[in-house]
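Worksheet for the structure shown next.
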Amino acid sequence: MNSFDEELNRRLAALRQQNLHRELRRVDSQQSSRIKIGSKTLLNFSSNDYLGLANDPILKEAAIKAIERFGAGSGASRLICGSLAPHHELEETLANFKGTEAALSFSTGYATATGTICALLGKNDIIILDKLVHACIVDAARLSSAKIRVFAHNDLDDLEKILKWAKKNIQHPTSNIQHRKRVLIVTESVFSMDGDAAPLRDIVALKEKHGAWLMVDEAHATGLYGKNRRGLAEESGVSERIEIQMGTLGKAVGASGGYICGTRPLIDFLVNRARSFIFSTAPVPAAAAAATAGVRFIQSSEGERRWRTLWERVEQCRTGILPISDSAKDGDRRDACPTLSAIIPILIGDEAGAVAASAALREQDIFVPAIRYPTVARGQARLRVTLTVTHTPDDVSELVAALQSIHNHK
Ligand SMILES: *Cc1c(COP(=O)(O)O)cnc(C)c1O
């Protein structure tokens with residue numbers, strides 16, 4: 001073996017030793033409440049396809065039609081000759097859905113975060129992140145070379161402390177508006193690994209008080225909150241006061257990609273400056289068309305029906321799991337954050353324990369992944385249960401019983 005592979009094997013061995021090694025699992029079925037892994041069919045509680053759209057005939061049909069009309073590939077970046085009709089239709093649909101002037105779609109949520117944050121900020125600016133924001137936002141902040149400050153999760157006092165500090169450090173050395181330093185706060189609305197919600201109204205009030213900008217990632221809230229299911233910003237009544245509304249198209253929307261919704265100047269600026277948008281081949285037409293169909297579905301009466309069903313399952317699961325998660329070291333999490341979400345974490349703590357719990361569930365043909373560092377902090381390993389409308393009440397009961405049994409055997 002050459003020294004390169006030896007070195008990598010050493011590093012892999014270190015990961016195994018810490019119970020942090022990961023492996024791909026080949027899934028031989030569509031995305032649904034049942035997935036086929038190896039020879040087994042497992043009851044799946046790990047998908048972010050909350051409304052069961054990834055495998056819906058309407059989305060599949062939209063994708064097939066787009067392939068037939070526009071081909072399998074998009075041929076070039078959006079600014080060269082890849083800006084196909086399905087991309088424009090998606091963006092009109094998104095702006096209309098969110099009630100904003102304009103929207104821009106990206107190939108992934110990850111690319112949305114890096115492209116947008118790096119376009120808006122440079123090395124003289126300050127970016128303030130919630131401690132638990134998604135890795136793509138952390139990476140975007142680093143890549144932007146702005147000064148990074150992190151506030152304790154959902155902690156408004158800590159956020160305000162940092163905003164005051166930022167104000168002091170942002171003495172405008174020049175009246176030239178071009179060189180004025182900026183402060184951007186970034187948070188998720190519903191947090192991906194904790195399922196709790198940011199206090200958006202208070203954050204909006206703080207950012208206005210201190211003259212900062214705000215970007216909210218609605219990856220796990222789009223399609224799930226608000227009268228029109230636009231997200232938590234809608235439910236909190238602050239959509240119009242958030243400068244940059246981000247979301248993804250691969251979760252409740254059922255397709256793939258990411259988006260920014262906002263004013264026309266914001267979108268025009270991103271078209272000119274977001275490098276992950278400019279220097280990347282346009283998403284395939286099928287993805288854009290499926291996403292358009294997904295967003296429209298969410299707005300339909302069938303979308304509303306599924307949304308209701310999902311919350312019934314969430315309620316059933318939470319009620320069943322509460323006694324277990326209560327004793328699992330995070331008793332006060334629930335009180336701190338009464339907002340329900342389709343993400344129900346069961347904190348285990350140590351990595352080996354989480355891996356063992358996941359394996360024990362798999363013995364019972366239930367798939368719930370162990371979430372470990374670096375997705376969450378060390379010592380914060382957990383089972384992350386996600387519910388979708390494709391789960392029946394019996395599926396949820398089966399999960400609750402299985403969790404109960406592994407909890408009793410601890
Ligand atoms: C999934 C996710 C992303 C990344 O989106 P992709 O389309 O999967 O790249 C960004 N932010 C949050 C909060 C997410 O959960």
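In the structure tokens, each chain is lettered A, B, ... as it comes, each chain's residues begin at 1, and ligands are numbered from 1 in order of appearance.
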Counting only C-alpha atoms and all ligand atoms, what are the residues of chain A within 6 Å of ligand 1, and for each of them which pair of atoms is the nearest and at what distance in Å, to one decimal? Sort the table by chain and rising number, as CSV.
residue,atom,partner,partner_atom_place_in_ligand_line,distance
A:Thr108,CA,ligand 1,7 (O),3.9
A:Gly109,CA,ligand 1,5 (O),3.3
A:Tyr110,CA,ligand 1,9 (O),3.9
A:His134,CA,ligand 1,13 (C),4.9
A:Glu188,CA,ligand 1,13 (C),5.9
A:Ser192,CA,ligand 1,15 (O),4.9
A:Asp217,CA,ligand 1,13 (C),6.0
A:Ala219,CA,ligand 1,13 (C),4.9
A:Thr248,CA,ligand 1,7 (O),5.2
A:Gly250,CA,ligand 1,7 (O),5.6
A:Gly257,CA,ligand 1,7 (O),4.9
A:Gly258,CA,ligand 1,7 (O),5.4
Exercise for the section: Return the single residue from A:Ala95, A:Val368, A:Leu403, A:Leu383 that is closest to Ile267 (chain A), with distances computed using only C-alpha atoms. Expected result: A:Ala95
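The closest residue to Lys209 (chain A), picked from A:Arg22, A:Arg384, A:Lys65, A:Lys167 and counting only C-alpha atoms, is A:Lys167.
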Fill in the blank from the handout: Restricting to only C-alpha atoms, whichever of A:Ile80, A:Ala288, A:Leu347, A:Ile58 is closest to Phe106 (chain A) is A:Ala288
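In this comparison, which uses only C-alpha atoms, the residue of A:Ile278, A:Leu214, A:Leu249, A:Leu340 approaching Leu94 (chain A) most closely is A:Leu249.
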Exercise for the section: Go ahead and compute the interatomic distance for CA of Val186 (chain A) and CA of Ile127 (chain A), in Å to one decimal. Expected result: 7.4 Å
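Considering the residues A:Ile126, A:Val400, A:Ala352, A:Val376 and counting only C-alpha atoms, Trp165 (chain A) has its shortest atom-to-atom contact with A:Ile126.
The neighbours of region 197-204 of chain A here are the residues that come within 8 Å of it, using only C-alpha atoms and leaving out any residue fewer than 5 positions away in the same chain; they are A:Asn154, A:Leu156, A:Thr187, A:Glu188, A:Ser189, A:Val190, A:Phe191, A:Leu214, A:Ala233, A:Ser236, A:Gly237, A:Val238, A:Arg241, A:Ile242, A:Cys337, A:Thr339.
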Export of the given selection (N, CA, C and O atoms) as a tab-separated table (two decimals), in the first residue's frame:
chain	number	residue	atom	x	y	z
A	154	ASN	N	-30.51	30.46	19.82
A	154	ASN	CA	-31.77	31.16	20.11
A	154	ASN	C	-31.68	32.14	21.29
A	154	ASN	O	-32.71	32.48	21.88
A	156	LEU	N	-31.36	35.59	22.62
A	156	LEU	CA	-31.50	36.97	22.15
A	156	LEU	C	-30.57	37.93	22.88
A	156	LEU	O	-30.08	38.89	22.29
A	187	THR	N	-29.87	32.93	10.56
A	187	THR	CA	-30.42	31.85	11.39
A	187	THR	C	-31.26	30.92	10.52
A	187	THR	O	-31.66	31.28	9.42
A	188	GLU	N	-31.51	29.73	11.03
A	188	GLU	CA	-32.52	28.88	10.42
A	188	GLU	C	-33.84	29.24	11.09
A	188	GLU	O	-33.85	29.79	12.19
A	189	SER	N	-34.96	28.92	10.45
A	189	SER	CA	-36.23	29.19	11.13
A	189	SER	C	-36.60	27.97	11.97
A	189	SER	O	-36.89	28.09	13.16
A	190	VAL	N	-36.55	26.78	11.37
A	190	VAL	CA	-36.69	25.54	12.13
A	190	VAL	C	-35.36	24.81	11.99
A	190	VAL	O	-34.87	24.61	10.87
A	191	PHE	N	-34.76	24.44	13.10
A	191	PHE	CA	-33.39	23.91	13.06
A	191	PHE	C	-33.36	22.43	12.67
A	191	PHE	O	-34.13	21.63	13.21
A	214	LEU	N	-30.87	40.63	7.84
A	214	LEU	CA	-31.21	39.29	8.33
A	214	LEU	C	-31.46	38.32	7.17
A	214	LEU	O	-32.16	38.64	6.22
A	233	ALA	N	-41.51	32.33	8.70
A	233	ALA	CA	-41.55	33.79	8.60
A	233	ALA	C	-42.99	34.25	8.39
A	233	ALA	O	-43.43	35.23	8.98
A	236	SER	N	-44.90	33.80	11.59
A	236	SER	CA	-44.52	34.80	12.59
A	236	SER	C	-44.87	36.21	12.14
A	236	SER	O	-44.63	37.17	12.88
A	237	GLY	N	-45.39	36.34	10.93
A	237	GLY	CA	-45.82	37.66	10.44
A	237	GLY	C	-44.68	38.62	10.15
A	237	GLY	O	-44.85	39.84	10.25
A	238	VAL	N	-43.50	38.09	9.80
A	238	VAL	CA	-42.35	38.99	9.59
A	238	VAL	C	-41.71	38.85	8.19
A	238	VAL	O	-40.63	39.39	7.96
A	241	ARG	N	-40.14	41.78	6.55
A	241	ARG	CA	-39.06	42.49	7.25
A	241	ARG	C	-37.74	41.71	7.21
A	241	ARG	O	-36.76	42.13	7.82
A	242	ILE	N	-37.73	40.59	6.49
A	242	ILE	CA	-36.50	39.81	6.37
A	242	ILE	C	-35.89	40.09	5.00
A	242	ILE	O	-36.55	39.91	3.98
A	337	CYS	N	-39.06	25.73	23.69
A	337	CYS	CA	-39.47	25.88	22.31
A	337	CYS	C	-40.75	25.11	22.00
A	337	CYS	O	-40.71	23.96	21.63
A	339	THR	N	-42.83	25.42	19.65
A	339	THR	CA	-43.21	25.19	18.25
A	339	THR	C	-42.97	23.73	17.88
A	339	THR	O	-41.90	23.18	18.15
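Reported to one decimal place, the separation of CA of Ala274 (chain A) from CA of Gly82 (chain A) is 16.1 Å.
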Practice task
Would you mind listing what lies within 9 Å of Thr116 (chain A) as a PyMOL selection string, with only C-alpha atoms counted and same-chain residues fewer than 6 positions away left out?
Solution key: chain A and resi 140+244+260+270+273-277
Go ahead and save the residues from that selection, with N, CA, C and O atoms, as a PDB file, in the first residue's frame.
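again-v6.pdb was written with the following content:
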ATOM      1  N   ALA A 140     -20.134  29.066   4.248  1.00  0.00           N
ATOM      2  CA  ALA A 140     -20.334  30.301   3.483  1.00  0.00           C
ATOM      3  C   ALA A 140     -19.707  31.481   4.233  1.00  0.00           C
ATOM      4  O   ALA A 140     -19.023  32.320   3.640  1.00  0.00           O
ATOM      5  N   ILE A 244     -33.399  38.608   3.369  1.00  0.00           N
ATOM      6  CA  ILE A 244     -33.016  37.476   2.521  1.00  0.00           C
ATOM      7  C   ILE A 244     -33.717  36.216   3.023  1.00  0.00           C
ATOM      8  O   ILE A 244     -33.390  35.680   4.078  1.00  0.00           O
ATOM      9  N   ILE A 260     -33.486  31.746  -3.189  1.00  0.00           N
ATOM     10  CA  ILE A 260     -33.556  32.990  -2.423  1.00  0.00           C
ATOM     11  C   ILE A 260     -34.781  33.742  -2.915  1.00  0.00           C
ATOM     12  O   ILE A 260     -34.978  33.880  -4.125  1.00  0.00           O
ATOM     13  N   LEU A 270     -27.626  39.174  -7.009  1.00  0.00           N
ATOM     14  CA  LEU A 270     -27.129  37.795  -6.911  1.00  0.00           C
ATOM     15  C   LEU A 270     -26.813  37.230  -8.298  1.00  0.00           C
ATOM     16  O   LEU A 270     -25.822  36.514  -8.471  1.00  0.00           O
ATOM     17  N   ARG A 273     -23.468  38.521  -8.905  1.00  0.00           N
ATOM     18  CA  ARG A 273     -22.365  38.352  -7.959  1.00  0.00           C
ATOM     19  C   ARG A 273     -22.277  36.985  -7.260  1.00  0.00           C
ATOM     20  O   ARG A 273     -21.256  36.685  -6.651  1.00  0.00           O
ATOM     21  N   ALA A 274     -23.325  36.173  -7.318  1.00  0.00           N
ATOM     22  CA  ALA A 274     -23.274  34.891  -6.586  1.00  0.00           C
ATOM     23  C   ALA A 274     -22.485  33.868  -7.408  1.00  0.00           C
ATOM     24  O   ALA A 274     -22.937  33.382  -8.443  1.00  0.00           O
ATOM     25  N   ARG A 275     -21.288  33.558  -6.935  1.00  0.00           N
ATOM     26  CA  ARG A 275     -20.375  32.751  -7.743  1.00  0.00           C
ATOM     27  C   ARG A 275     -20.875  31.315  -7.947  1.00  0.00           C
ATOM     28  O   ARG A 275     -20.637  30.710  -8.978  1.00  0.00           O
ATOM     29  N   SER A 276     -21.578  30.771  -6.960  1.00  0.00           N
ATOM     30  CA  SER A 276     -22.084  29.395  -7.116  1.00  0.00           C
ATOM     31  C   SER A 276     -23.217  29.351  -8.140  1.00  0.00           C
ATOM     32  O   SER A 276     -23.557  28.296  -8.670  1.00  0.00           O
ATOM     33  N   PHE A 277     -23.814  30.491  -8.408  1.00  0.00           N
ATOM     34  CA  PHE A 277     -24.846  30.595  -9.441  1.00  0.00           C
ATOM     35  C   PHE A 277     -24.200  30.828 -10.810  1.00  0.00           C
ATOM     36  O   PHE A 277     -24.551  30.168 -11.791  1.00  0.00           O
TER      37      PHE A 277
END
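Taking the backbone of this structure through DSSP, the residues of region 276-388 of chain A that come out as strand (DSSP E or B) are Thr281, Ile343, Ile344, Pro345, Ile346, Leu347, Ile348, Gly349, Ile366, Phe367, Ala370, Ile371, Ala381, Arg382, Leu383, Arg384, Val385 and Thr386 of chain A.
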Exercise for the section: Find the residue from A:Glu101, A:Asp350, A:Glu160, A:Glu68 that sits nearest to Arg378 (chain A); use only C-alpha atoms when measuring. Expected result: A:Asp350
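Across the structure, CA of Asp194 (chain A) and CA of Ile346 (chain A) are spaced 9.0 Å apart.
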Practice task
For Gly294 (chain A), list every protein, DNA or RNA residue within 9 Å, evaluated using only C-alpha atoms, and leave out those in the same chain fewer than 5 positions away; present the list as a ChimeraX atom specification.
Solution key: /A:53-54,58-59,249,252-255,289,299
Exercise for the section: Extract, using only C-alpha atoms, all DNA, RNA and protein residues at most 6 Å from Ile348 (chain A), discarding same-chain residues fewer than 6 positions from it, and format them as a PyMOL selection string. Expected result: chain A and resi 354+381-382
